[in-house]
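Novice: Next up is a structure, given as structure tokens.
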Amino acid sequence: MDKIKVNSDKKNTSIEELEYAIVSKNYVDAEESLTLLIRQSVENKIELVVAPFDRTLTKEQKELESYQVIEKLAVLITMWFSDKSYKPSDNTYAFICLQKMFISNVFAASSYHSTDHILANLGLMGKSEYTSIELQMLLFVITNESSLEIPWDVMFKHLPEHSILAYSGLIRSINVQLSERAHNSIARLIEAASYAPVVKSSNVANLSPLISTLFNCSNLNGKNKYFIKQWVVKSLNKYMEDNLDKKLKYKIKNEVRTVPNKDKAKMVLIHEHYTENHAMYRCWHSSFKAFLHDFNVTAIGLSSCVDDVGRKDAHHFTGIEDKYDVVGFIEAILKEKPDIVVFASIGMSMFAPFIATQRLAPIQIVCGGHPSSSYMDTIDYMLWEDFVPKSVMKKILTEKFLPYKSNFTPARMVPYSLNISPKDDTVKIIINGVVQKITTELVGICNRLMEKTDKKLEFHLFMSHPKQDLDYFSTMSILRRFMPSCIVHPFTNYNDYMNVVGNCNFALPTIPFGGSNSNIDLIRLRVPKLFIQDESDLCGLTDYQIWKSVDVLDGYCSDVIELEKRALEWILDPNLLIPIKEKLECTEVTNLMLDCEKSVESDFRIANAIKSTLN
């Protein structure tokens with residue numbers, strides 16, 4: 001009996017139960033089973049294996065069984081959604097549209113690749129005219145891998161409620177962007193964001209698909225990609241306007257300081273993630289520690305996302321238990337009556353983007369963590385190193401540019417033990433950003449490099465989480481189709497990750513999104529990297545910024561054409577890498593970075609920049 005164990009307060013479900021409901025055309029029970037399955041997959045990242053569940057399986061055996069489960073799910077959903085008599089209930093329609101990531105992943109991981117075959121079964125492909133009911137079903141079924149082009153302007157006009165549900169879910173389900181079909185679908189979604197109606201909801205959890213969109217749109221290609229972020233911000237503003245009660249709105253309007261105190265100003269530091277092993281701690285610890293000298297600091301964050309080590313970088317810590325408790329976060333901030341609110345990041349949690357839309361202090365600042373403007377008129381400044389001319393930053397930022405002296409930031413490095421594998425003739429190329437940052441442009445470069453050399457090439461990539469779940473299997477299937485020479489590594493501990501990177505010959509960048517911690521890891525391991533600089537976007541500046549800070553710009557390329565040319569040169573002549581490795585060995589900052597036993601001294605550059613806003 002094929003089962004997927006799904007825990008719920010109400011019941012468990014299984015493929016057998018879903019299959020029985022679908023075959024008997026009991027679509028009410030089928031909707032309940034699929035909803036349970038999706039909720040568990042989204043919230044707890046279930047592993048897709050069959051009963052009995054207490055067996056010890058190898059990785060390969062688990063993968064085989066998982067693909068069997070996924071293929072069966074795809075077949076069952078095909079049977080169900082292809083039935084022209086099926087009309088989704090209102091709740092199921094909204095749920096499936098908003099959780100389109102699950103449907104997209106199932107079919108991307110299967111032999112179907114997309115849901116176009118279902119649209120064909122329903123007679124919805126290649127038509128010139130559609131009824132309202134047909135359009136509703138099309139929006140319910142379609143994924144970003146579809147070859148069908150949706151005229152979003154027409155859809156928003158004639159079916160606004162259904163269209164905005166489908167649009168929100170498709171935006172959320174932008175994941176691995178390797179196929180031309182996905183690339184084209186995403187381009188249309190980006191363009192549509194400039195005129196899409198805002199999402200309206202009284203339940204903050206319903207807007208969760210938009211939060212990951214706010215964060216991940218930086219990964220996309222295209223000059224207009226931040227249309228999406230601006231649309232999300234409008235939707236967040238609408239939620240806050242419609243759902244904050246009058247008393248809290250009154251407090252925000254009348255109790256927030258209009259002028260900051262200049263002497264020992266009160267700072268509230270908002271953490272989305274700040275634990276000892278998290279990249280945010282490694283990047284910002286030395287700077288946040290320095291705040292203690294000049295400010296009275298209260299840190300606020302989810303209790304589960306700020307550990308005891310992270311809490312030491314503030315005089316006080318206030319923990320909130322519920323990630324959806326937007327009101328609780330706002331009240332905690334207002335209680336402190338801050339002069340300055342600093343957001344370490346905006347977009348890695350449910351709560352931060354919502355509270356960032358409110359004016360809670362006379363000065364509000366965001367750090368350049370996941371680099372992109374906030375597009376919020378409540379954020380006054382963005383912190384960034386001063387190596388970029390103000391004229392360039394003015395074109396990029398919606399906030400005022402708050403520069404601090406450009407210098408390699410002291411960081412508390414996690415120790416590792418490197419084991420070098422025996423060398424062979426394979427050229428191993430690391431792309432040590434998560435696969436979500438891999439675009440069709442980079443895939444094209446890698447495939448052309450394969451064609452231009454007889455050497456065996458391996459391109460090493462990383463998943464963003466450890467589970468072998470639907471995200472993993474859909475990504476693996478897509479990569480097998482479009483980038484068969486790659487090796488995908490699951491998210492793992494830092495030591496294992498560093499050993500993968502350290503055994504590679506050189507690195508290629510994620511385009512257009514550069515790296516930050518990934519560059520630091522390469523420098524620690526003396527692994528050369530090719531990179532470009534895109535001055536139209538903050539995330540296109542980071543590679544150049546970090547390699548310039550260690551004075552190793554040998555990998556800098558003026559554009560992707562030069563990058564591809566030099567990558568081929570490095571493949572054909574590995575001796576070109578030797579002087580770069582030697583330069584990395586000699587760079588002074590390496591000694592600081594590798595000094596893991598000593599505590600990192602406070603870095604006052606950012607504290608001094610923030611103090612300048614008080615004058």
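The chains in the structure tokens are called A, B, ... from first to last as shown; in each chain the residues are counted from 1, and the ligands are counted from 1 in the order shown.
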Taking only C-alpha atoms into account, produce a table as a tab-separated table in which each residue of stretch 43-118 of chain A with an atom at most 12 Å from an atom of stretch 205-228 of chain A appears once, together with its shortest atom pair and the distance in Å to one decimal, ordered by chain and rising number.

Specialist:
residue	atom	partner	partner_atom	distance
A:Glu43	CA	A:Ser208	CA	11.6
A:Ala94	CA	A:Asn206	CA	9.9
A:Phe95	CA	A:Asn206	CA	9.2
A:Ile96	CA	A:Pro209	CA	11.9
A:Cys97	CA	A:Pro209	CA	10.5
A:Leu98	CA	A:Pro209	CA	6.9
A:Gln99	CA	A:Pro209	CA	7.7
A:Lys100	CA	A:Pro209	CA	9.8
A:Met101	CA	A:Pro209	CA	9.5

Novice: Just want the 12 Å neighbourhood of stretch 243-255 of chain A, counted on only C-alpha atoms, with same-chain residues fewer than 2 positions away dropped. Output as a PDB file with N, CA and C atoms, in the first residue's frame.

Specialist:
ATOM      1  N   LYS A 200      -5.743  41.521  -1.377  1.00  0.00           N
ATOM      2  CA  LYS A 200      -6.499  41.930  -0.189  1.00  0.00           C
ATOM      3  C   LYS A 200      -6.823  40.702   0.648  1.00  0.00           C
ATOM      4  N   SER A 201      -6.533  40.797   1.948  1.00  0.00           N
ATOM      5  CA  SER A 201      -6.817  39.696   2.857  1.00  0.00           C
ATOM      6  C   SER A 201      -6.871  40.224   4.276  1.00  0.00           C
ATOM      7  N   SER A 202      -7.676  39.575   5.115  1.00  0.00           N
ATOM      8  CA  SER A 202      -7.724  39.927   6.531  1.00  0.00           C
ATOM      9  C   SER A 202      -6.877  38.979   7.371  1.00  0.00           C
ATOM     10  N   ASN A 203      -6.274  37.988   6.728  1.00  0.00           N
ATOM     11  CA  ASN A 203      -5.459  36.989   7.422  1.00  0.00           C
ATOM     12  C   ASN A 203      -4.012  37.124   6.962  1.00  0.00           C
ATOM     13  N   VAL A 204      -3.120  37.498   7.874  1.00  0.00           N
ATOM     14  CA  VAL A 204      -1.730  37.744   7.503  1.00  0.00           C
ATOM     15  C   VAL A 204      -1.074  36.493   6.916  1.00  0.00           C
ATOM     16  N   LEU A 236       1.310  44.752   1.051  1.00  0.00           N
ATOM     17  CA  LEU A 236       1.557  44.795   2.496  1.00  0.00           C
ATOM     18  C   LEU A 236       0.980  46.071   3.095  1.00  0.00           C
ATOM     19  N   ASN A 237       1.179  47.185   2.417  1.00  0.00           N
ATOM     20  CA  ASN A 237       0.616  48.455   2.895  1.00  0.00           C
ATOM     21  C   ASN A 237      -0.905  48.371   2.987  1.00  0.00           C
ATOM     22  N   LYS A 238      -1.522  47.731   1.985  1.00  0.00           N
ATOM     23  CA  LYS A 238      -2.974  47.600   1.982  1.00  0.00           C
ATOM     24  C   LYS A 238      -3.440  46.757   3.155  1.00  0.00           C
ATOM     25  N   TYR A 239      -2.723  45.677   3.445  1.00  0.00           N
ATOM     26  CA  TYR A 239      -3.086  44.837   4.584  1.00  0.00           C
ATOM     27  C   TYR A 239      -3.015  45.646   5.880  1.00  0.00           C
ATOM     28  N   MET A 240      -1.936  46.376   6.085  1.00  0.00           N
ATOM     29  CA  MET A 240      -1.759  47.144   7.322  1.00  0.00           C
ATOM     30  C   MET A 240      -2.811  48.237   7.435  1.00  0.00           C
ATOM     31  N   GLU A 241      -3.120  48.867   6.337  1.00  0.00           N
ATOM     32  CA  GLU A 241      -4.147  49.915   6.335  1.00  0.00           C
ATOM     33  C   GLU A 241      -5.516  49.352   6.702  1.00  0.00           C
ATOM     34  N   ARG A 257       8.303  59.105  18.228  1.00  0.00           N
ATOM     35  CA  ARG A 257       9.092  60.331  18.234  1.00  0.00           C
ATOM     36  C   ARG A 257       9.186  60.907  16.826  1.00  0.00           C
ATOM     37  N   THR A 258       9.212  62.204  16.758  1.00  0.00           N
ATOM     38  CA  THR A 258       9.444  62.867  15.464  1.00  0.00           C
ATOM     39  C   THR A 258      10.881  63.340  15.338  1.00  0.00           C
ATOM     40  N   VAL A 259      11.540  63.568  16.486  1.00  0.00           N
ATOM     41  CA  VAL A 259      12.944  64.008  16.494  1.00  0.00           C
ATOM     42  C   VAL A 259      13.723  63.075  17.416  1.00  0.00           C
ATOM     43  N   ASP A 325       2.572  37.267  14.394  1.00  0.00           N
ATOM     44  CA  ASP A 325       2.107  38.266  15.370  1.00  0.00           C
ATOM     45  C   ASP A 325       2.658  39.647  15.039  1.00  0.00           C
ATOM     46  N   VAL A 326       2.183  40.202  13.947  1.00  0.00           N
ATOM     47  CA  VAL A 326       2.649  41.514  13.497  1.00  0.00           C
ATOM     48  C   VAL A 326       2.356  42.578  14.543  1.00  0.00           C
ATOM     49  N   VAL A 327       1.161  42.524  15.138  1.00  0.00           N
ATOM     50  CA  VAL A 327       0.778  43.507  16.164  1.00  0.00           C
ATOM     51  C   VAL A 327       1.701  43.397  17.371  1.00  0.00           C
ATOM     52  N   GLY A 328       2.021  42.175  17.784  1.00  0.00           N
ATOM     53  CA  GLY A 328       2.922  41.983  18.926  1.00  0.00           C
ATOM     54  C   GLY A 328       4.293  42.592  18.690  1.00  0.00           C
ATOM     55  N   PHE A 329       4.812  42.451  17.466  1.00  0.00           N
ATOM     56  CA  PHE A 329       6.106  43.066  17.142  1.00  0.00           C
ATOM     57  C   PHE A 329       6.016  44.584  17.190  1.00  0.00           C
ATOM     58  N   ILE A 330       4.962  45.135  16.636  1.00  0.00           N
ATOM     59  CA  ILE A 330       4.818  46.596  16.620  1.00  0.00           C
ATOM     60  C   ILE A 330       4.707  47.132  18.048  1.00  0.00           C
ATOM     61  N   GLU A 331       3.907  46.471  18.869  1.00  0.00           N
ATOM     62  CA  GLU A 331       3.744  46.927  20.256  1.00  0.00           C
ATOM     63  C   GLU A 331       5.054  46.833  21.022  1.00  0.00           C
ATOM     64  N   ALA A 332       5.848  45.785  20.754  1.00  0.00           N
ATOM     65  CA  ALA A 332       7.145  45.652  21.427  1.00  0.00           C
ATOM     66  C   ALA A 332       8.087  46.786  21.031  1.00  0.00           C
ATOM     67  N   ILE A 333       8.041  47.202  19.772  1.00  0.00           N
ATOM     68  CA  ILE A 333       8.881  48.310  19.310  1.00  0.00           C
ATOM     69  C   ILE A 333       8.408  49.624  19.917  1.00  0.00           C
ATOM     70  N   LEU A 334       7.099  49.868  19.886  1.00  0.00           N
ATOM     71  CA  LEU A 334       6.561  51.119  20.430  1.00  0.00           C
ATOM     72  C   LEU A 334       6.860  51.258  21.922  1.00  0.00           C
ATOM     73  N   LYS A 335       6.868  50.135  22.631  1.00  0.00           N
ATOM     74  CA  LYS A 335       7.163  50.157  24.069  1.00  0.00           C
ATOM     75  C   LYS A 335       8.553  50.714  24.350  1.00  0.00           C
ATOM     76  N   GLU A 336       9.485  50.500  23.423  1.00  0.00           N
ATOM     77  CA  GLU A 336      10.859  50.965  23.613  1.00  0.00           C
ATOM     78  C   GLU A 336      11.034  52.450  23.300  1.00  0.00           C
ATOM     79  N   LYS A 337      10.063  53.062  22.612  1.00  0.00           N
ATOM     80  CA  LYS A 337      10.146  54.467  22.180  1.00  0.00           C
ATOM     81  C   LYS A 337      11.520  54.768  21.539  1.00  0.00           C
ATOM     82  N   PRO A 338      11.833  54.046  20.467  1.00  0.00           N
ATOM     83  CA  PRO A 338      13.186  54.161  19.898  1.00  0.00           C
ATOM     84  C   PRO A 338      13.415  55.461  19.134  1.00  0.00           C
ATOM     85  N   ASP A 339      14.673  55.869  19.097  1.00  0.00           N
ATOM     86  CA  ASP A 339      15.105  56.968  18.229  1.00  0.00           C
ATOM     87  C   ASP A 339      15.459  56.438  16.848  1.00  0.00           C
ATOM     88  N   PHE A 354       6.154  43.436   7.120  1.00  0.00           N
ATOM     89  CA  PHE A 354       4.937  44.137   7.539  1.00  0.00           C
ATOM     90  C   PHE A 354       5.275  45.322   8.448  1.00  0.00           C
ATOM     91  N   ILE A 355       6.113  45.085   9.463  1.00  0.00           N
ATOM     92  CA  ILE A 355       6.398  46.172  10.404  1.00  0.00           C
ATOM     93  C   ILE A 355       7.274  47.243   9.757  1.00  0.00           C
ATOM     94  N   THR A 357       6.792  48.557   6.999  1.00  0.00           N
ATOM     95  CA  THR A 357       5.939  49.519   6.287  1.00  0.00           C
ATOM     96  C   THR A 357       5.428  50.621   7.203  1.00  0.00           C
ATOM     97  N   GLN A 358       5.702  50.508   8.520  1.00  0.00           N
ATOM     98  CA  GLN A 358       5.172  51.481   9.479  1.00  0.00           C
ATOM     99  C   GLN A 358       6.273  52.413   9.968  1.00  0.00           C
ATOM    100  N   ARG A 359       5.884  53.643  10.278  1.00  0.00           N
ATOM    101  CA  ARG A 359       6.815  54.619  10.855  1.00  0.00           C
ATOM    102  C   ARG A 359       6.815  54.432  12.366  1.00  0.00           C
ATOM    103  N   LEU A 360       7.858  53.771  12.892  1.00  0.00           N
ATOM    104  CA  LEU A 360       7.949  53.420  14.308  1.00  0.00           C
ATOM    105  C   LEU A 360       9.079  54.151  15.029  1.00  0.00           C
ATOM    106  N   ALA A 361       9.850  54.957  14.301  1.00  0.00           N
ATOM    107  CA  ALA A 361      10.930  55.755  14.885  1.00  0.00           C
ATOM    108  C   ALA A 361      11.247  56.888  13.915  1.00  0.00           C
ATOM    109  N   PRO A 362      11.842  57.967  14.409  1.00  0.00           N
ATOM    110  CA  PRO A 362      12.175  59.070  13.495  1.00  0.00           C
ATOM    111  C   PRO A 362      13.216  58.702  12.447  1.00  0.00           C
TER     112      PRO A 362
END

Novice: Counting only C-alpha atoms, which residue out of A:Glu191, A:Glu149, A:Asp537, A:Glu272 sits closest to A:Phe513?

Specialist: A:Asp537

Novice: Have a look at A:Ala356, A:Val366, A:Ile571, A:Val392 and name the one nearest to A:Lys456; count only C-alpha atoms.

Specialist: A:Ile571

Novice: Could you please write out, as a CSV table (one decimal) with C-alpha atoms, in the first residue's frame, every residue of stretch 396-470 of chain A that DSSP assigns to helix (DSSP H, G or I)?

Specialist:
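Everything below was put into part-v7.csv:
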chain,number,residue,atom,x,y,z
A,396,ILE,CA,19.6,52.2,-7.5
A,435,VAL,CA,20.3,26.8,-7.2
A,436,GLN,CA,17.5,29.4,-7.0
A,437,LYS,CA,20.1,31.9,-8.2
A,440,THR,CA,19.1,30.4,-18.1
A,441,GLU,CA,22.1,32.8,-18.9
A,442,LEU,CA,24.4,30.8,-16.6
A,443,VAL,CA,23.1,27.5,-17.8
A,444,GLY,CA,23.9,28.6,-21.4
A,445,ILE,CA,27.4,29.5,-20.4
A,446,CYS,CA,28.0,26.1,-18.7
A,447,ASN,CA,26.6,24.1,-21.6
A,448,ARG,CA,28.7,26.1,-24.2
A,449,LEU,CA,31.8,25.4,-22.1
A,450,MET,CA,31.0,21.7,-22.3
A,451,GLU,CA,30.8,21.9,-26.1
A,470,LEU,CA,9.6,18.2,-3.6

Novice: Considering only C-alpha atoms, return as a ChimeraX atom specification whatever protein or nucleic-acid residues lie within 6 Å of stretch 542-546 of chain A, sequence-local ones (same chain, fewer than 5 positions apart) excluded.

Specialist: /A:514-515,533

Novice: Which one is closest to A:Leu530: A:Leu457, A:Ile429, A:Ile478, A:Ile610? Count only C-alpha atoms.

Specialist: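 For A:Leu530, the nearest of the candidates is A:Ile429.
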
Novice: Write out as a tab-separated table (two decimals) with C-alpha atoms, in the first residue's frame which residues come within 8 Å of A:Val552 when counting only C-alpha atoms, dropping same-chain ones fewer than 4 positions away.

Specialist:
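Here's the written file out-v3.tsv:
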chain	number	residue	atom	x	y	z
A	547	TRP	CA	37.18	40.68	-4.14
A	548	LYS	CA	38.31	44.30	-4.38
A	580	ILE	CA	45.81	33.95	-8.23
A	583	LYS	CA	48.01	36.05	-4.22
A	584	LEU	CA	45.19	34.73	-2.04

Novice: Just give me the gap between atom CA of A:Glu321 and atom CA of A:Cys305 in Å, one decimal is fine.

Specialist: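 These atoms are spaced 9.8 Å apart.
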
Novice: Apply DSSP to the structure's backbone, then extract all residues of stretch 359-523 of chain A labelled strand (DSSP E) and return them as a PyMOL selection string.

Specialist: chain A and resi 363-367+381-385+400-404+427-434+457-462+486-489+506-507

Novice: Residues of the last selection are to be written out with N, CA and C atoms, as a tab-separated table (two decimals), in the first residue's frame.

Specialist:
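Contents of selection.tsv, freshly written:
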chain	number	residue	atom	x	y	z
A	363	ILE	N	14.06	57.71	12.77
A	363	ILE	CA	15.07	57.25	11.81
A	363	ILE	C	14.93	55.74	11.66
A	364	GLN	N	14.76	55.29	10.42
A	364	GLN	CA	14.63	53.86	10.15
A	364	GLN	C	15.60	53.47	9.04
A	365	ILE	N	16.38	52.42	9.32
A	365	ILE	CA	17.52	52.06	8.48
A	365	ILE	C	17.46	50.57	8.16
A	366	VAL	N	17.88	50.21	6.96
A	366	VAL	CA	18.01	48.80	6.61
A	366	VAL	C	19.47	48.53	6.21
A	367	CYS	N	19.97	47.39	6.65
A	367	CYS	CA	21.31	46.95	6.24
A	367	CYS	C	21.21	46.31	4.85
A	381	TYR	N	17.12	55.13	5.26
A	381	TYR	CA	18.49	54.93	4.82
A	381	TYR	C	18.78	53.47	4.54
A	382	MET	N	19.70	53.24	3.59
A	382	MET	CA	20.29	51.92	3.42
A	382	MET	C	21.79	52.04	3.64
A	383	LEU	N	22.31	51.15	4.49
A	383	LEU	CA	23.75	51.10	4.76
A	383	LEU	C	24.46	50.35	3.64
A	384	TRP	N	25.56	50.93	3.18
A	384	TRP	CA	26.35	50.26	2.13
A	384	TRP	C	27.74	50.86	2.14
A	385	GLU	N	28.72	50.05	1.75
A	385	GLU	CA	30.09	50.55	1.72
A	385	GLU	C	30.26	51.66	0.68
A	400	LYS	N	17.83	56.86	1.16
A	400	LYS	CA	19.06	57.64	1.11
A	400	LYS	C	20.23	56.69	1.33
A	401	PHE	N	21.30	56.95	0.64
A	401	PHE	CA	22.52	56.13	0.76
A	401	PHE	C	23.27	56.56	2.01
A	402	LEU	N	23.45	55.61	2.94
A	402	LEU	CA	24.21	55.87	4.16
A	402	LEU	C	25.52	55.11	4.07
A	403	PRO	N	26.57	55.76	3.58
A	403	PRO	CA	27.83	55.05	3.33
A	403	PRO	C	28.66	54.87	4.59
A	404	TYR	N	29.43	53.80	4.60
A	404	TYR	CA	30.46	53.64	5.62
A	404	TYR	C	31.73	53.20	4.92
A	427	VAL	N	37.73	18.75	-14.46
A	427	VAL	CA	37.75	20.15	-14.03
A	427	VAL	C	36.46	20.41	-13.26
A	428	LYS	N	36.62	20.69	-11.98
A	428	LYS	CA	35.46	20.90	-11.11
A	428	LYS	C	35.24	22.40	-10.91
A	429	ILE	N	34.06	22.85	-11.27
A	429	ILE	CA	33.74	24.27	-11.21
A	429	ILE	C	32.61	24.46	-10.21
A	430	ILE	N	32.86	25.29	-9.23
A	430	ILE	CA	31.86	25.52	-8.18
A	430	ILE	C	31.02	26.75	-8.51
A	431	ILE	N	29.72	26.62	-8.31
A	431	ILE	CA	28.81	27.76	-8.35
A	431	ILE	C	28.15	27.76	-6.97
A	432	ASN	N	28.82	28.42	-6.01
A	432	ASN	CA	28.44	28.21	-4.61
A	432	ASN	C	27.41	29.23	-4.11
A	433	GLY	N	26.44	29.52	-4.99
A	433	GLY	CA	25.21	30.15	-4.56
A	433	GLY	C	24.11	29.12	-4.69
A	434	VAL	N	23.01	29.27	-3.99
A	434	VAL	CA	21.95	28.27	-4.05
A	434	VAL	C	21.37	28.20	-5.46
A	457	LEU	N	34.01	18.09	-17.50
A	457	LEU	CA	33.66	19.20	-16.59
A	457	LEU	C	32.56	18.76	-15.63
A	458	GLU	N	32.67	19.24	-14.41
A	458	GLU	CA	31.62	19.07	-13.41
A	458	GLU	C	31.27	20.45	-12.85
A	459	PHE	N	29.99	20.77	-12.81
A	459	PHE	CA	29.53	22.02	-12.21
A	459	PHE	C	28.82	21.68	-10.91
A	460	HIS	N	29.35	22.17	-9.80
A	460	HIS	CA	28.83	21.83	-8.48
A	460	HIS	C	27.92	22.94	-7.96
A	461	LEU	N	26.71	22.55	-7.56
A	461	LEU	CA	25.70	23.48	-7.08
A	461	LEU	C	25.19	23.03	-5.71
A	462	PHE	N	24.47	23.94	-5.03
A	462	PHE	CA	23.97	23.63	-3.69
A	462	PHE	C	22.48	23.94	-3.57
A	486	CYS	N	25.88	18.85	-14.16
A	486	CYS	CA	25.99	19.41	-12.81
A	486	CYS	C	25.86	18.33	-11.74
A	487	ILE	N	26.42	18.62	-10.60
A	487	ILE	CA	26.26	17.78	-9.41
A	487	ILE	C	25.65	18.67	-8.33
A	488	VAL	N	24.48	18.28	-7.84
A	488	VAL	CA	23.75	19.09	-6.87
A	488	VAL	C	23.98	18.51	-5.47
A	489	HIS	N	24.42	19.37	-4.57
A	489	HIS	CA	24.67	18.95	-3.19
A	489	HIS	C	23.56	19.48	-2.30
A	506	PHE	N	37.93	26.20	-9.75
A	506	PHE	CA	37.61	27.62	-9.69
A	506	PHE	C	36.11	27.79	-9.62
A	507	ALA	N	35.67	29.03	-9.48
A	507	ALA	CA	34.25	29.32	-9.29
A	507	ALA	C	33.71	30.21	-10.40

Novice: Go ahead and compute the interatomic distance for atom CA of A:Ser391 and atom CA of A:Leu541, in Å to one decimal.

Specialist: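 Here the two named atoms are 14.4 Å from each other.
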
Novice: With a cut-off of 10 Å, could you pull out the residues of stretch 228-276 of chain A touching stretch 280-283 of chain A and give me the nearest pair of atoms for each, distance in Å to one decimal, using only C-alpha atoms, ordered by chain and ascending number, as a tab-separated table?

Specialist:
residue	atom	partner	partner_atom	distance
A:His271	CA	A:Met280	CA	9.0
A:Glu272	CA	A:Met280	CA	9.0
A:His273	CA	A:Met280	CA	6.7
A:Tyr274	CA	A:Tyr281	CA	5.4
A:Thr275	CA	A:Tyr281	CA	6.1
A:Glu276	CA	A:Tyr281	CA	5.9

Novice: With only C-alpha atoms as the counted atoms, please give the residues lying no more than 10 Å from A:Leu148, apart from itself and same-chain residues fewer than 6 positions off, as number ranges by chain.

Specialist: A: 116, 119, 124-126, 138, 142, 181, 185

Novice: Between A:Met267, A:Val154, A:Leu122, A:Val342, single out the one closest to A:Ser85, counting only C-alpha atoms.

Specialist: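 Once distances to A:Ser85 are computed over only C-alpha atoms, the minimum belongs to A:Leu122.
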